[in-house]
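For reference, protein.txt is printed below; it contains compact mmCIF, C-alpha atoms.
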# COMPACT_ATOMS: atom_id res chain seq x y z
CA MET A 1 -90.86 -80.60 3.84
CA TRP A 2 -91.10 -84.41 4.08
CA THR A 3 -90.16 -87.11 6.56
CA TYR A 4 -89.45 -90.43 4.78
CA ARG A 5 -89.84 -94.01 5.90
CA HIS A 6 -87.88 -96.02 3.35
CA ALA A 7 -88.84 -99.55 2.37
CA THR A 8 -86.97 -102.45 3.90
CA SER A 9 -86.47 -104.06 0.48
CA ARG A 10 -85.02 -102.61 -2.69
CA ASP A 11 -87.68 -103.86 -5.07
CA LEU A 12 -89.45 -100.52 -5.44
CA PRO A 13 -90.52 -100.16 -9.07
CA GLU A 14 -89.65 -97.17 -11.24
CA SER A 15 -93.35 -96.23 -11.37
CA GLY A 16 -96.65 -97.49 -10.02
CA TRP A 17 -99.83 -96.66 -8.11
CA LYS A 18 -99.30 -94.06 -5.39
CA LEU A 19 -101.73 -93.76 -2.49
CA HIS A 20 -102.41 -90.36 -0.97
CA VAL A 21 -103.98 -89.99 2.47
CA SER A 22 -105.68 -86.62 2.98
CA ALA A 23 -105.88 -84.83 6.33
CA THR A 24 -106.28 -81.40 7.94
CA ILE A 25 -104.12 -79.72 10.57
CA LEU A 26 -106.74 -80.75 13.15
CA ASN A 27 -106.54 -84.50 12.48
CA ALA A 28 -103.24 -85.16 10.65
CA SER A 29 -101.54 -86.36 13.84
CA GLN A 30 -104.41 -88.71 14.69
CA ILE A 31 -104.50 -90.15 11.19
CA LEU A 32 -100.75 -90.76 11.21
CA LYS A 33 -100.96 -92.54 14.57
CA ARG A 34 -103.66 -94.85 13.20
CA ILE A 35 -102.05 -95.81 9.91
CA ALA A 36 -98.30 -95.64 10.63
CA PRO A 37 -98.20 -99.06 12.40
CA VAL A 38 -99.87 -100.69 9.39
CA LEU A 39 -97.48 -99.06 6.93
CA VAL A 40 -94.40 -99.91 8.99
CA ALA A 41 -95.51 -103.53 9.44
CA SER A 42 -96.00 -103.90 5.68
CA GLY A 43 -92.49 -102.66 4.97
CA VAL A 44 -93.82 -100.21 2.39
CA GLN A 45 -92.11 -96.91 1.67
CA PHE A 46 -94.01 -93.74 2.57
CA LYS A 47 -93.51 -90.07 3.34
CA VAL A 48 -95.30 -87.68 5.68
CA ALA A 49 -95.44 -83.89 5.84
CA ARG A 50 -92.73 -82.89 8.32
CA SER A 51 -94.92 -80.66 10.50
CA LEU A 52 -98.43 -79.30 10.90
CA ALA A 53 -97.14 -76.04 9.43
CA GLU A 54 -96.28 -77.98 6.26
CA VAL A 55 -99.75 -79.56 6.29
CA LEU A 56 -101.21 -76.07 6.33
CA ARG A 57 -98.99 -75.00 3.43
CA LEU A 58 -99.81 -78.11 1.42
CA ASN A 59 -103.53 -77.66 1.85
CA SER A 60 -103.40 -74.00 0.81
CA GLY A 61 -102.24 -75.02 -2.66
CA LEU A 62 -100.15 -71.86 -2.90
CA LEU A 63 -96.54 -72.74 -2.07
CA HIS A 64 -96.47 -76.36 -3.27
CA THR A 65 -98.87 -76.06 -6.26
CA TYR A 66 -102.58 -76.72 -6.42
CA SER A 67 -102.16 -80.41 -7.28
CA GLN A 68 -100.52 -81.09 -3.89
CA ILE A 69 -103.58 -80.22 -1.79
CA GLY A 70 -104.47 -83.01 0.64
CA LYS A 71 -101.37 -85.12 -0.07
CA VAL A 72 -100.30 -85.19 3.56
CA ILE A 73 -99.16 -88.83 3.46
CA THR A 74 -97.92 -90.58 0.29
CA VAL A 75 -97.53 -94.35 0.12
CA TYR A 76 -95.49 -96.22 -2.54
CA PRO A 77 -96.84 -99.80 -2.87
CA ARG A 78 -94.48 -102.27 -4.59
CA ASN A 79 -97.18 -103.87 -6.74
CA GLU A 80 -100.88 -103.73 -7.56
CA SER A 81 -101.84 -106.35 -5.00
CA GLU A 82 -100.15 -104.45 -2.18
CA ALA A 83 -101.72 -101.20 -3.40
CA ILE A 84 -105.22 -102.70 -3.28
CA ASN A 85 -104.75 -104.25 0.17
CA LEU A 86 -103.31 -101.07 1.64
CA ALA A 87 -106.02 -98.88 0.09
CA GLN A 88 -108.74 -101.05 1.62
CA CYS A 89 -107.07 -101.08 5.03
CA LEU A 90 -106.26 -97.36 5.09
CA HIS A 91 -109.78 -96.51 4.00
CA LYS A 92 -111.26 -98.37 6.97
CA LEU A 93 -108.87 -96.64 9.37
CA THR A 94 -109.50 -93.11 8.08
CA CYS A 95 -113.06 -93.08 6.69
CA ARG A 96 -114.53 -91.26 9.72
CA PHE A 97 -112.13 -88.33 9.48
CA GLN A 98 -112.84 -85.11 7.57
CA ALA A 99 -110.29 -83.98 5.01
CA PRO A 100 -110.00 -81.95 1.80
CA SER A 101 -110.33 -83.52 -1.64
CA VAL A 102 -107.14 -84.16 -3.60
CA PRO A 103 -107.33 -82.41 -6.98
CA PHE A 104 -106.96 -84.60 -10.10
CA ASP A 105 -106.40 -87.87 -8.17
CA LEU A 106 -108.87 -90.75 -8.38
CA ARG A 107 -110.82 -91.38 -5.17
CA PHE A 108 -111.12 -94.81 -3.57
CA THR A 109 -114.81 -94.13 -2.82
CA GLU A 110 -116.97 -91.01 -2.99
CA THR A 111 -116.46 -90.41 0.74
CA SER A 112 -112.94 -91.81 1.20
CA ASN A 113 -109.85 -89.93 2.32
CA ILE A 114 -107.73 -92.30 0.23
CA TYR A 115 -106.78 -91.15 -3.27
CA TYR A 116 -104.57 -92.72 -5.89
CA ARG A 117 -102.73 -92.02 -9.12
CA TYR A 118 -100.20 -93.73 -11.35
CA GLY A 119 -96.86 -91.95 -11.35
CA ALA A 120 -93.09 -92.03 -11.01
CA PHE A 121 -91.52 -93.53 -7.89
CA ARG A 122 -87.91 -92.81 -8.80
CA ARG A 123 -86.53 -89.40 -9.67
CA ILE A 124 -85.96 -89.37 -13.43
CA GLU A 125 -85.89 -85.86 -14.84
CA ILE A 126 -87.10 -85.05 -18.32
CA GLU A 127 -86.74 -81.76 -20.20
CA GLN A 128 -89.97 -80.37 -21.61
CA ALA A 129 -90.50 -78.42 -24.82
CA ASP A 130 -90.46 -75.10 -22.94
CA GLY A 131 -87.10 -75.90 -21.33
CA GLN A 132 -88.61 -76.70 -17.92
CA ARG A 133 -87.64 -79.97 -16.23
CA GLY A 134 -90.10 -82.41 -14.66
CA LEU A 135 -90.35 -85.99 -13.43
CA GLY A 136 -90.52 -88.69 -16.07
CA MET A 137 -91.28 -92.39 -16.31
CA HIS A 138 -91.03 -95.07 -18.98
CA SER A 139 -94.06 -96.31 -20.91
CA PRO A 140 -94.39 -100.03 -21.79
CA SER A 141 -92.70 -99.27 -25.13
CA GLY A 142 -89.67 -97.84 -23.30
CA GLU A 143 -90.40 -94.23 -24.19
CA LEU A 144 -89.60 -91.68 -21.49
CA VAL A 145 -92.75 -89.64 -20.88
CA LEU A 146 -93.66 -86.84 -18.52
CA ASP A 147 -95.37 -87.73 -15.23
CA VAL A 148 -98.37 -85.37 -15.35
CA ARG A 149 -100.09 -84.89 -11.98
CA GLU A 150 -103.26 -83.69 -13.70
CA ARG A 151 -103.55 -87.07 -15.46
CA PRO A 152 -103.88 -89.72 -12.72
CA LYS A 153 -104.17 -92.71 -15.08
CA PRO A 154 -102.05 -92.93 -18.25
CA ASP A 155 -103.66 -94.64 -21.24
CA TRP A 156 -101.47 -97.74 -20.99
CA VAL A 157 -102.55 -98.79 -17.47
CA ARG A 158 -105.83 -100.18 -16.13
CA ASP A 159 -107.37 -99.12 -12.83
CA PRO A 160 -106.86 -102.07 -10.41
CA PHE A 161 -109.10 -100.43 -7.76
CA GLU A 162 -112.20 -100.25 -9.93
CA ASN A 163 -113.61 -103.65 -8.95
CA VAL A 164 -112.71 -103.53 -5.25
CA LYS A 165 -114.07 -100.13 -4.27
CA PRO A 166 -116.73 -100.21 -1.51
CA VAL A 167 -120.19 -99.25 -2.71
CA SER A 168 -121.01 -95.72 -1.58
CA LYS A 169 -124.29 -95.25 0.31
CA ARG A 170 -124.17 -91.52 -0.26
CA ARG A 171 -127.19 -90.04 -2.00
CA LYS A 172 -126.44 -88.24 -5.22
CA PRO A 173 -128.03 -84.81 -5.67
CA GLN A 174 -131.17 -84.89 -7.82
CA SER A 175 -130.07 -81.84 -9.78
CA ASP A 176 -126.80 -80.11 -10.57
CA PRO A 177 -127.09 -76.34 -9.99
CA THR A 178 -123.80 -75.75 -11.81
CA ARG A 179 -125.52 -76.55 -15.12
CA SER A 180 -126.95 -73.03 -15.06
CA PHE A 181 -123.43 -71.62 -15.45
CA HIS A 182 -120.89 -71.66 -18.24
CA VAL A 183 -117.43 -71.13 -16.74
CA LEU A 184 -115.16 -69.01 -18.91
CA ARG A 185 -112.00 -69.17 -16.84
CA ALA A 186 -110.61 -69.77 -13.36
CA LEU A 187 -109.36 -66.54 -11.79
CA VAL A 188 -108.13 -68.16 -8.56
CA GLN A 189 -107.61 -71.80 -7.64
CA ARG A 190 -106.43 -72.81 -4.18
CA GLY A 191 -107.22 -75.10 -1.28
CA LYS A 192 -110.13 -73.19 0.22
CA GLY A 193 -111.89 -72.86 -3.14
CA GLY A 194 -111.88 -71.35 -6.58
CA VAL A 195 -113.07 -68.10 -8.13
CA TYR A 196 -114.44 -68.31 -11.65
CA GLN A 197 -115.63 -65.88 -14.29
CA ALA A 198 -118.82 -67.37 -15.68
CA ILE A 199 -122.02 -66.70 -17.60
CA ASP A 200 -125.22 -67.11 -15.59
CA LEU A 201 -127.48 -68.87 -18.11
CA GLY A 202 -130.36 -68.94 -15.61
CA ALA A 203 -130.72 -65.16 -15.74
CA ASN A 204 -132.86 -63.45 -18.39
CA PRO A 205 -130.95 -62.27 -20.30
CA PRO A 206 -127.80 -64.31 -19.45
CA ARG A 207 -125.27 -62.22 -17.56
CA LEU A 208 -121.59 -62.24 -16.75
CA CYS A 209 -120.96 -63.15 -13.12
CA LEU A 210 -118.37 -64.20 -10.59
CA LEU A 211 -118.79 -67.70 -9.17
CA LYS A 212 -117.02 -68.09 -5.83
CA GLU A 213 -116.52 -71.57 -4.39
CA GLY A 214 -115.93 -72.39 -0.74
CA ARG A 215 -114.71 -75.98 -0.40
CA ARG A 216 -115.75 -78.19 2.46
CA HIS A 217 -112.70 -78.96 4.65
CA GLY A 218 -110.61 -76.74 2.34
CA GLU A 219 -107.72 -75.01 4.14
CA MET A 220 -109.26 -75.78 7.50
CA ALA A 221 -107.83 -73.48 10.14
CA TRP A 222 -107.14 -74.09 13.84
CA ASP A 223 -110.61 -72.85 14.71
CA GLY A 224 -112.26 -75.43 12.40
CA ARG A 225 -113.34 -72.92 9.77
CA ASP A 226 -112.97 -74.10 6.20
CA GLY A 227 -113.42 -72.61 2.74
CA ALA A 228 -117.19 -73.11 2.82
CA TRP A 229 -117.44 -71.18 6.10
CA ARG A 230 -115.36 -68.35 4.64
CA VAL A 231 -117.58 -67.86 1.60
CA ARG A 232 -120.71 -68.01 3.78
CA ASN A 233 -119.11 -65.31 5.94
CA GLU A 234 -118.47 -63.21 2.84
CA GLU A 235 -122.16 -63.46 1.93
CA ARG A 236 -123.10 -62.19 5.41
CA VAL A 237 -120.70 -59.26 5.09
CA LEU A 238 -121.79 -58.33 1.56
CA SER A 239 -125.47 -58.42 2.55
CA SER A 240 -124.80 -56.17 5.55
CA LEU A 241 -122.69 -53.67 3.60
CA SER A 242 -125.07 -53.61 0.64
CA ALA A 243 -127.97 -52.83 2.98
CA ARG A 244 -125.98 -49.80 4.16
CA GLY A 245 -125.67 -48.57 0.57
CA MET A 246 -121.99 -49.42 0.14
CA MET A 247 -120.58 -49.93 -3.34
CA VAL A 248 -119.80 -53.66 -3.10
CA PRO A 249 -120.45 -56.54 -5.53
CA LYS A 250 -124.10 -57.58 -5.65
CA VAL A 251 -125.02 -61.11 -4.56
CA TYR A 252 -127.22 -62.75 -7.19
CA SER A 253 -127.73 -66.19 -5.65
CA ARG A 254 -126.14 -69.02 -3.69
CA PHE A 255 -126.21 -72.84 -3.70
CA GLU A 256 -124.52 -75.91 -2.23
CA LEU A 257 -123.12 -78.96 -3.98
CA ASP A 258 -121.29 -81.89 -2.34
CA GLY A 259 -120.86 -79.84 0.83
CA ASN A 260 -119.19 -76.98 -1.04
CA PHE A 261 -120.79 -73.53 -0.88
CA TYR A 262 -121.10 -71.32 -3.96
CA LEU A 263 -121.80 -67.61 -4.14
CA VAL A 264 -122.93 -66.04 -7.43
CA MET A 265 -121.92 -62.37 -7.52
CA GLU A 266 -121.74 -59.38 -9.78
CA PHE A 267 -118.62 -59.35 -11.95
CA ILE A 268 -116.85 -55.99 -11.52
CA ASP A 269 -115.33 -54.98 -14.85
CA GLY A 270 -111.90 -53.49 -14.24
CA GLU A 271 -108.47 -54.47 -12.98
CA SER A 272 -107.02 -54.74 -9.52
CA LEU A 273 -105.05 -51.83 -8.16
CA HIS A 274 -102.16 -54.30 -7.88
CA ASN A 275 -102.18 -55.02 -11.63
CA LEU A 276 -102.70 -51.36 -12.45
CA LEU A 277 -99.54 -50.46 -10.54
CA LEU A 278 -97.57 -53.23 -12.24
CA ARG A 279 -98.35 -51.63 -15.61
CA GLN A 280 -97.12 -48.20 -14.56
CA THR A 281 -93.82 -46.96 -15.98
CA ARG A 282 -93.88 -43.80 -13.83
CA LEU A 283 -95.27 -42.75 -10.47
CA LEU A 284 -98.95 -41.82 -10.30
CA SER A 285 -99.80 -38.12 -10.08
CA LEU A 286 -100.48 -36.77 -6.60
CA ARG A 287 -104.08 -36.04 -7.56
CA ARG A 288 -104.65 -39.60 -8.72
CA VAL A 289 -103.02 -41.01 -5.58
CA SER A 290 -105.24 -38.77 -3.45
CA SER A 291 -108.31 -39.85 -5.43
CA TYR A 292 -107.62 -43.52 -4.74
CA GLY A 293 -106.75 -42.72 -1.12
CA ILE A 294 -110.01 -40.85 -0.55
CA GLN A 295 -112.07 -43.64 -2.08
CA ILE A 296 -110.35 -46.36 -0.03
CA ALA A 297 -110.61 -44.30 3.15
CA THR A 298 -114.29 -43.70 2.48
CA LEU A 299 -114.90 -47.42 1.93
CA LEU A 300 -113.17 -48.26 5.22
CA SER A 301 -115.07 -45.53 7.04
CA GLN A 302 -118.41 -46.84 5.75
CA MET A 303 -117.47 -50.40 6.63
CA HIS A 304 -116.41 -49.48 10.17
CA ARG A 305 -119.62 -47.54 10.73
CA ALA A 306 -121.51 -50.63 9.57
CA GLY A 307 -119.78 -52.60 12.34
CA TRP A 308 -117.28 -54.57 10.26
CA ALA A 309 -113.50 -54.68 10.06
CA TRP A 310 -112.21 -55.76 6.65
CA ARG A 311 -108.86 -57.29 7.77
CA ASP A 312 -107.68 -57.81 4.18
CA CYS A 313 -107.44 -54.36 2.64
CA LYS A 314 -104.76 -54.57 -0.07
CA PRO A 315 -104.25 -53.61 -3.75
CA LYS A 316 -105.27 -57.07 -5.01
CA ASN A 317 -108.66 -56.67 -3.32
CA LEU A 318 -109.39 -53.26 -4.83
CA ILE A 319 -110.82 -53.21 -8.36
CA VAL A 320 -110.40 -50.00 -10.37
CA THR A 321 -113.08 -49.63 -13.02
CA GLY A 322 -112.63 -47.87 -16.36
CA GLN A 323 -114.18 -44.76 -14.81
CA GLY A 324 -111.59 -44.71 -12.01
CA THR A 325 -113.98 -45.93 -9.31
CA VAL A 326 -112.48 -48.19 -6.64
CA VAL A 327 -114.62 -51.21 -5.70
CA PRO A 328 -113.63 -53.54 -2.82
CA ILE A 329 -113.79 -57.33 -3.15
CA ASP A 330 -113.06 -60.39 -1.00
CA PHE A 331 -114.52 -60.20 2.51
CA GLU A 332 -113.93 -63.80 3.63
CA GLY A 333 -111.87 -62.68 6.63
CA ALA A 334 -114.03 -59.72 7.67
CA ALA A 335 -115.14 -59.78 11.30
CA PRO A 336 -117.61 -57.86 13.47
CA ILE A 337 -115.84 -55.05 15.34
CA LYS A 338 -117.70 -55.90 18.55
CA ARG A 339 -116.66 -59.58 18.31
CA PRO A 340 -112.96 -59.53 17.38
CA ASP A 341 -111.65 -62.62 15.63
CA PRO A 342 -108.58 -64.05 17.43
CA LEU A 343 -107.38 -65.81 14.26
CA ILE A 344 -104.70 -63.89 12.37
CA TRP A 345 -105.94 -62.79 8.95
CA GLY A 346 -104.42 -60.53 6.34
CA THR A 347 -101.46 -60.20 3.99
CA PRO A 348 -97.89 -59.40 5.13
CA GLY A 349 -97.04 -55.84 4.23
CA PHE A 350 -100.61 -54.69 4.77
CA ILE A 351 -101.00 -55.69 8.40
CA PRO A 352 -98.76 -54.31 11.17
CA PRO A 353 -96.08 -56.74 12.40
CA GLN A 354 -97.46 -56.43 15.96
CA SER A 355 -100.74 -58.05 14.89
CA ILE A 356 -99.04 -61.38 14.26
CA ASP A 357 -97.99 -61.58 17.92
CA ARG A 358 -101.29 -60.48 19.44
CA ALA A 359 -103.87 -62.86 20.83
CA THR A 360 -106.66 -60.58 19.63
CA GLN A 361 -106.24 -58.13 16.77
CA THR A 362 -107.35 -54.53 16.95
CA ALA A 363 -108.88 -55.04 13.53
CA VAL A 364 -109.99 -51.45 12.86
CA ALA A 365 -106.48 -50.17 13.59
CA ASP A 366 -105.10 -52.84 11.27
CA ASP A 367 -107.39 -51.62 8.47
CA LEU A 368 -106.00 -48.12 9.02
CA TYR A 369 -102.45 -49.46 8.81
CA ALA A 370 -103.39 -51.11 5.49
CA LEU A 371 -104.65 -47.75 4.22
CA GLY A 372 -101.31 -46.15 5.13
CA SER A 373 -99.37 -49.01 3.52
CA ILE A 374 -101.35 -48.67 0.28
CA MET A 375 -100.90 -44.90 0.16
CA TYR A 376 -97.16 -45.29 0.80
CA LEU A 377 -97.03 -47.67 -2.17
CA LEU A 378 -99.04 -45.30 -4.36
CA PHE A 379 -96.83 -42.32 -3.50
CA THR A 380 -93.44 -44.06 -3.77
CA GLY A 381 -93.94 -47.11 -5.97
CA ARG A 382 -92.44 -49.24 -3.17
CA TYR A 383 -93.82 -51.48 -0.44
CA PHE A 384 -93.39 -50.18 3.08
CA ASP A 385 -90.68 -52.13 4.90
CA HIS A 386 -91.29 -51.87 8.64
CA ALA A 387 -87.76 -53.09 9.38
CA LYS A 388 -86.15 -50.48 7.08
CA PRO A 389 -88.68 -47.68 6.72
CA GLY A 390 -87.79 -45.18 4.03
CA THR A 391 -89.42 -41.77 4.34
CA ILE A 392 -91.69 -40.56 1.56
CA LYS A 393 -89.70 -37.31 1.47
CA LYS A 394 -86.54 -39.20 0.41
CA LEU A 395 -88.37 -41.25 -2.20
CA ARG A 396 -90.55 -38.49 -3.69
CA ARG A 397 -89.88 -34.81 -3.18
CA ASN A 398 -93.15 -33.18 -4.26
CA VAL A 399 -95.48 -34.81 -1.71
CA PRO A 400 -97.01 -32.13 0.57
CA LEU A 401 -96.00 -32.25 4.23
CA GLU A 402 -99.61 -32.84 5.38
CA LEU A 403 -99.90 -35.94 3.17
CA ARG A 404 -96.57 -37.30 4.38
CA ARG A 405 -97.64 -36.81 7.98
CA LEU A 406 -100.96 -38.55 7.30
CA VAL A 407 -99.27 -41.65 5.89
CA GLU A 408 -96.75 -41.70 8.73
CA SER A 409 -99.53 -41.54 11.32
CA LEU A 410 -101.44 -44.37 9.61
CA LEU A 411 -98.28 -46.50 9.75
CA ALA A 412 -97.55 -45.64 13.40
CA ASP A 413 -96.50 -48.50 15.68
CA GLU A 414 -99.01 -47.41 18.32
CA PRO A 415 -102.54 -48.21 17.01
CA LYS A 416 -104.08 -45.31 18.97
CA ARG A 417 -102.01 -42.82 16.96
CA ARG A 418 -103.62 -43.85 13.68
CA PRO A 419 -106.39 -41.45 12.56
CA THR A 420 -109.81 -42.87 11.69
CA ALA A 421 -110.62 -43.56 8.06
CA GLN A 422 -113.09 -40.67 8.12
CA ALA A 423 -110.42 -38.30 9.48
CA ALA A 424 -107.93 -39.53 6.85
CA CYS A 425 -110.48 -38.84 4.11
CA ALA A 426 -111.08 -35.31 5.44
CA ARG A 427 -107.35 -34.56 5.58
CA LEU A 428 -106.84 -35.79 2.02
CA ASN A 429 -109.66 -33.61 0.75
CA SER A 430 -108.33 -30.67 2.72
CA VAL A 431 -104.95 -30.88 0.99
CA LEU A 432 -106.60 -31.13 -2.42
CA LEU A 433 -108.87 -28.17 -1.70
CA SER A 434 -105.84 -26.02 -1.08
CA GLY A 435 -104.74 -26.70 -4.66
CA SER A 436 -108.09 -26.84 -6.49
CA ASN A 437 -111.60 -25.46 -6.34
CA GLN A 438 -113.45 -28.74 -5.92
CA PRO A 439 -113.05 -31.68 -3.52
CA ILE A 440 -112.87 -35.21 -4.82
CA ARG A 441 -116.07 -37.13 -4.26
CA PRO A 442 -115.81 -40.80 -3.36
CA GLY A 443 -116.72 -43.09 -6.25
CA VAL A 444 -116.18 -40.38 -8.90
CA ALA A 445 -113.36 -40.80 -11.41
CA GLN A 446 -110.56 -38.24 -11.40
CA ALA A 447 -108.12 -37.40 -14.14
CA ALA A 448 -104.49 -38.37 -13.65
Now that the file is in, can you turn its structure into structure tokens?
Amino acid sequence: MWTYRHATSRDLPESGWKLHVSATILNASQILKRIAPVLVASGVQFKVARSLAEVLRLNSGLLHTYSQIGKVITVYPRNESEAINLAQCLHKLTCRFQAPSVPFDLRFTETSNIYYRYGAFRRIEIEQADGQRGLGMHSPSGELVLDVRERPKPDWVRDPFENVKPVSKRRKPQSDPTRSFHVLRALVQRGKGGVYQAIDLGANPPRLCLLKEGRRHGEMAWDGRDGAWRVRNEERVLSSLSARGMMVPKVYSRFELDGNFYLVMEFIDGESLHNLLLRQTRLLSLRRVSSYGIQIATLLSQMHRAGWAWRDCKPKNLIVTGQGTVVPIDFEGAAPIKRPDPLIWGTPGFIPPQSIDRATQTAVADDLYALGSIMYLLFTGRYFDHAKPGTIKKLRRNVPLELRRLVESLLADEPKRRPTAQAACARLNSVLLSGSNQPIRPGVAQAA
């Protein structure tokens, strides 16, 4: 994933101060053009993300670990003096650009795109207590120690940048709104922001809540939208759906800090449908599958009538409470039906392959495909493979013909063939009525 520019001399130390230059996919090329001549002229070794696609992957924090966010360009100065001079020069060349923060690294100034940490330059592997192998470096005593990315400055080194950092003119916030929350754990941590389970100490009495963070410049997309925009969009969607009486998480409050946007929401007690399925040792009963299908179809029908397309309907975004009620979460990518979003959004396996190649998604039809994909998974215990589709009849014999036909129509290649969510709900209830005296009501738990 890297393109290297090796140093002209061979006096690169075993370890030292690394400089990281942060960038987004919108400005990475410009930043490289500005700083590459300086780096080449200095003879210093450095590496650059091979492509803008790699920049996008780095900044997501998913494929290359959370600690790699923003590390688009890495510079390996040969000594402290060179590190200081390069940091000052690179800061001046890049200070006007917008870029994500680099987790764990020390920042040259509060507004700089230059970050630094002390770490290994040469590849020396060390085996850890758990059997995993990682990069190591020698301490002054000669001991081989692990190079921990989460610890940017080992105890035995001093920070040479401390006395040369430019004085920041940025105003510090008068109050810290995060003091009203006690974070219990991080549920998600990635480039666009984190999701935390927390206690809202400002409420009377204190309450359990979900604290969702949208980071400024985090995972910036081609349209310029970042993590902060996404969480603001989720607030708009939740407010609209809640006003229509939909069963979605309540929004308690919101605030901004350092350009990041935070949404305080109701914590839904339960587990994701994804985790529930992972625990299963046998296929779910047909009645339980139909119960989940009816609830999901009802949620989609209500959302579509409210004028929104979800675009990220999947088992990980469906919370099943202890009473069997399905509650949807995560509406960052939702878009108004009348104003389709041209940016691709969704999870492979739960969006039709054709959507990836379209300039503008038919988002409602994609939601219906997701419903079919989820029901296929619930019936068979397998993900639907569009390239090698296996029929439900071959994978599970006791599924009624009407249910098989419903799932097949939802997964149809032609979007116009997919029934509406309301029609899917009616067909599910119709099949159940033929085998019982009472239809399943959305939001009401059903026995397995």
Write out as a PDB file with C-alpha atoms, keeping the file's coordinate frame the residues lying within 10 Å of Trp156 (chain A), counting all atoms listed in the file and excluding same-chain residues fewer than 5 positions away.
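Okay, out23.pdb is ready:
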ATOM      1  CA  SER A 139     -94.060 -96.310 -20.910  1.00  0.00           C
ATOM      2  CA  PRO A 140     -94.390-100.030 -21.790  1.00  0.00           C
ATOM      3  CA  SER A 141     -92.700 -99.270 -25.130  1.00  0.00           C
TER       4      SER A 141
END
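With distances restricted to all atoms listed in the file, A:Leu146 is the closest residue to Ser15 (chain A) from A:Leu93, A:Leu146, A:Ala49, A:Cys313.
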May I have the residues within 9 Å of region 209-213 of chain A as a PDB file with C-alpha atoms, in the frame of the given file, using all atoms listed in the file and disregarding those fewer than 4 positions away in the same chain?
ATOM      1  CA  PHE A 181    -123.430 -71.620 -15.450  1.00  0.00           C
ATOM      2  CA  VAL A 183    -117.430 -71.130 -16.740  1.00  0.00           C
ATOM      3  CA  LYS A 192    -110.130 -73.190   0.220  1.00  0.00           C
ATOM      4  CA  GLY A 193    -111.890 -72.860  -3.140  1.00  0.00           C
ATOM      5  CA  GLY A 194    -111.880 -71.350  -6.580  1.00  0.00           C
ATOM      6  CA  VAL A 195    -113.070 -68.100  -8.130  1.00  0.00           C
ATOM      7  CA  TYR A 196    -114.440 -68.310 -11.650  1.00  0.00           C
ATOM      8  CA  GLN A 197    -115.630 -65.880 -14.290  1.00  0.00           C
ATOM      9  CA  ALA A 198    -118.820 -67.370 -15.680  1.00  0.00           C
ATOM     10  CA  ILE A 199    -122.020 -66.700 -17.600  1.00  0.00           C
ATOM     11  CA  ASP A 200    -125.220 -67.110 -15.590  1.00  0.00           C
ATOM     12  CA  GLY A 227    -113.420 -72.610   2.740  1.00  0.00           C
ATOM     13  CA  ALA A 228    -117.190 -73.110   2.820  1.00  0.00           C
ATOM     14  CA  VAL A 231    -117.580 -67.860   1.600  1.00  0.00           C
ATOM     15  CA  TYR A 252    -127.220 -62.750  -7.190  1.00  0.00           C
ATOM     16  CA  ASN A 260    -119.190 -76.980  -1.040  1.00  0.00           C
ATOM     17  CA  PHE A 261    -120.790 -73.530  -0.880  1.00  0.00           C
ATOM     18  CA  TYR A 262    -121.100 -71.320  -3.960  1.00  0.00           C
ATOM     19  CA  LEU A 263    -121.800 -67.610  -4.140  1.00  0.00           C
ATOM     20  CA  VAL A 264    -122.930 -66.040  -7.430  1.00  0.00           C
ATOM     21  CA  MET A 265    -121.920 -62.370  -7.520  1.00  0.00           C
ATOM     22  CA  GLU A 266    -121.740 -59.380  -9.780  1.00  0.00           C
ATOM     23  CA  PHE A 267    -118.620 -59.350 -11.950  1.00  0.00           C
ATOM     24  CA  ILE A 268    -116.850 -55.990 -11.520  1.00  0.00           C
TER      25      ILE A 268
END
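Shortest atom-to-atom contact with Gln280 (chain A) among A:Val407, A:Leu52, A:Ile344, A:Leu378: A:Leu378, counting only C-alpha atoms.
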Review point. Which residue gives the smallest distance to Phe108 (chain A) among A:Gln132, A:Asp159, A:His64, A:Leu58, with only C-alpha atoms counted?
Key: A:Asp159
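Compared by their closest atoms to Ser242 (chain A), and using all atoms listed in the file, the residues A:Pro177, A:Gly43, A:Pro400, A:Pro328 rank with A:Pro328 nearest.
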Review point. Which polymer residues have any atom within 10 Å of an atom of Trp229 (chain A), counting all atoms listed in the file, with same-chain residues fewer than 5 positions away left out, as JSON, numbers by chain?
Key: {"A": [192, 214, 215, 216, 217, 218, 220, 224, 234, 235, 260, 261, 332]}
Exercise: residues within 7 Å of coordinate (-106.3, -87.3, 3.6), counting all atoms listed in the file, as a PDB file with C-alpha atoms, in the frame of the given file:
ATOM      1  CA  HIS A  20    -102.410 -90.360  -0.970  1.00  0.00           C
ATOM      2  CA  VAL A  21    -103.980 -89.990   2.470  1.00  0.00           C
ATOM      3  CA  SER A  22    -105.680 -86.620   2.980  1.00  0.00           C
ATOM      4  CA  ALA A  23    -105.880 -84.830   6.330  1.00  0.00           C
ATOM      5  CA  GLY A  70    -104.470 -83.010   0.640  1.00  0.00           C
ATOM      6  CA  LYS A  71    -101.370 -85.120  -0.070  1.00  0.00           C
ATOM      7  CA  VAL A  72    -100.300 -85.190   3.560  1.00  0.00           C
ATOM      8  CA  ALA A  99    -110.290 -83.980   5.010  1.00  0.00           C
ATOM      9  CA  PRO A 100    -110.000 -81.950   1.800  1.00  0.00           C
ATOM     10  CA  ASN A 113    -109.850 -89.930   2.320  1.00  0.00           C
ATOM     11  CA  ILE A 114    -107.730 -92.300   0.230  1.00  0.00           C
TER      12      ILE A 114
END
Practice item. Please provide as a list in words all residues within 8 Å of Ile296 (chain A), with the sequence filter that same-chain residues fewer than 3 positions apart are discarded (counting all atoms listed in the file). Key: Tyr292, Gly293, Leu299, Leu300, Val326 and Leu371 of chain A
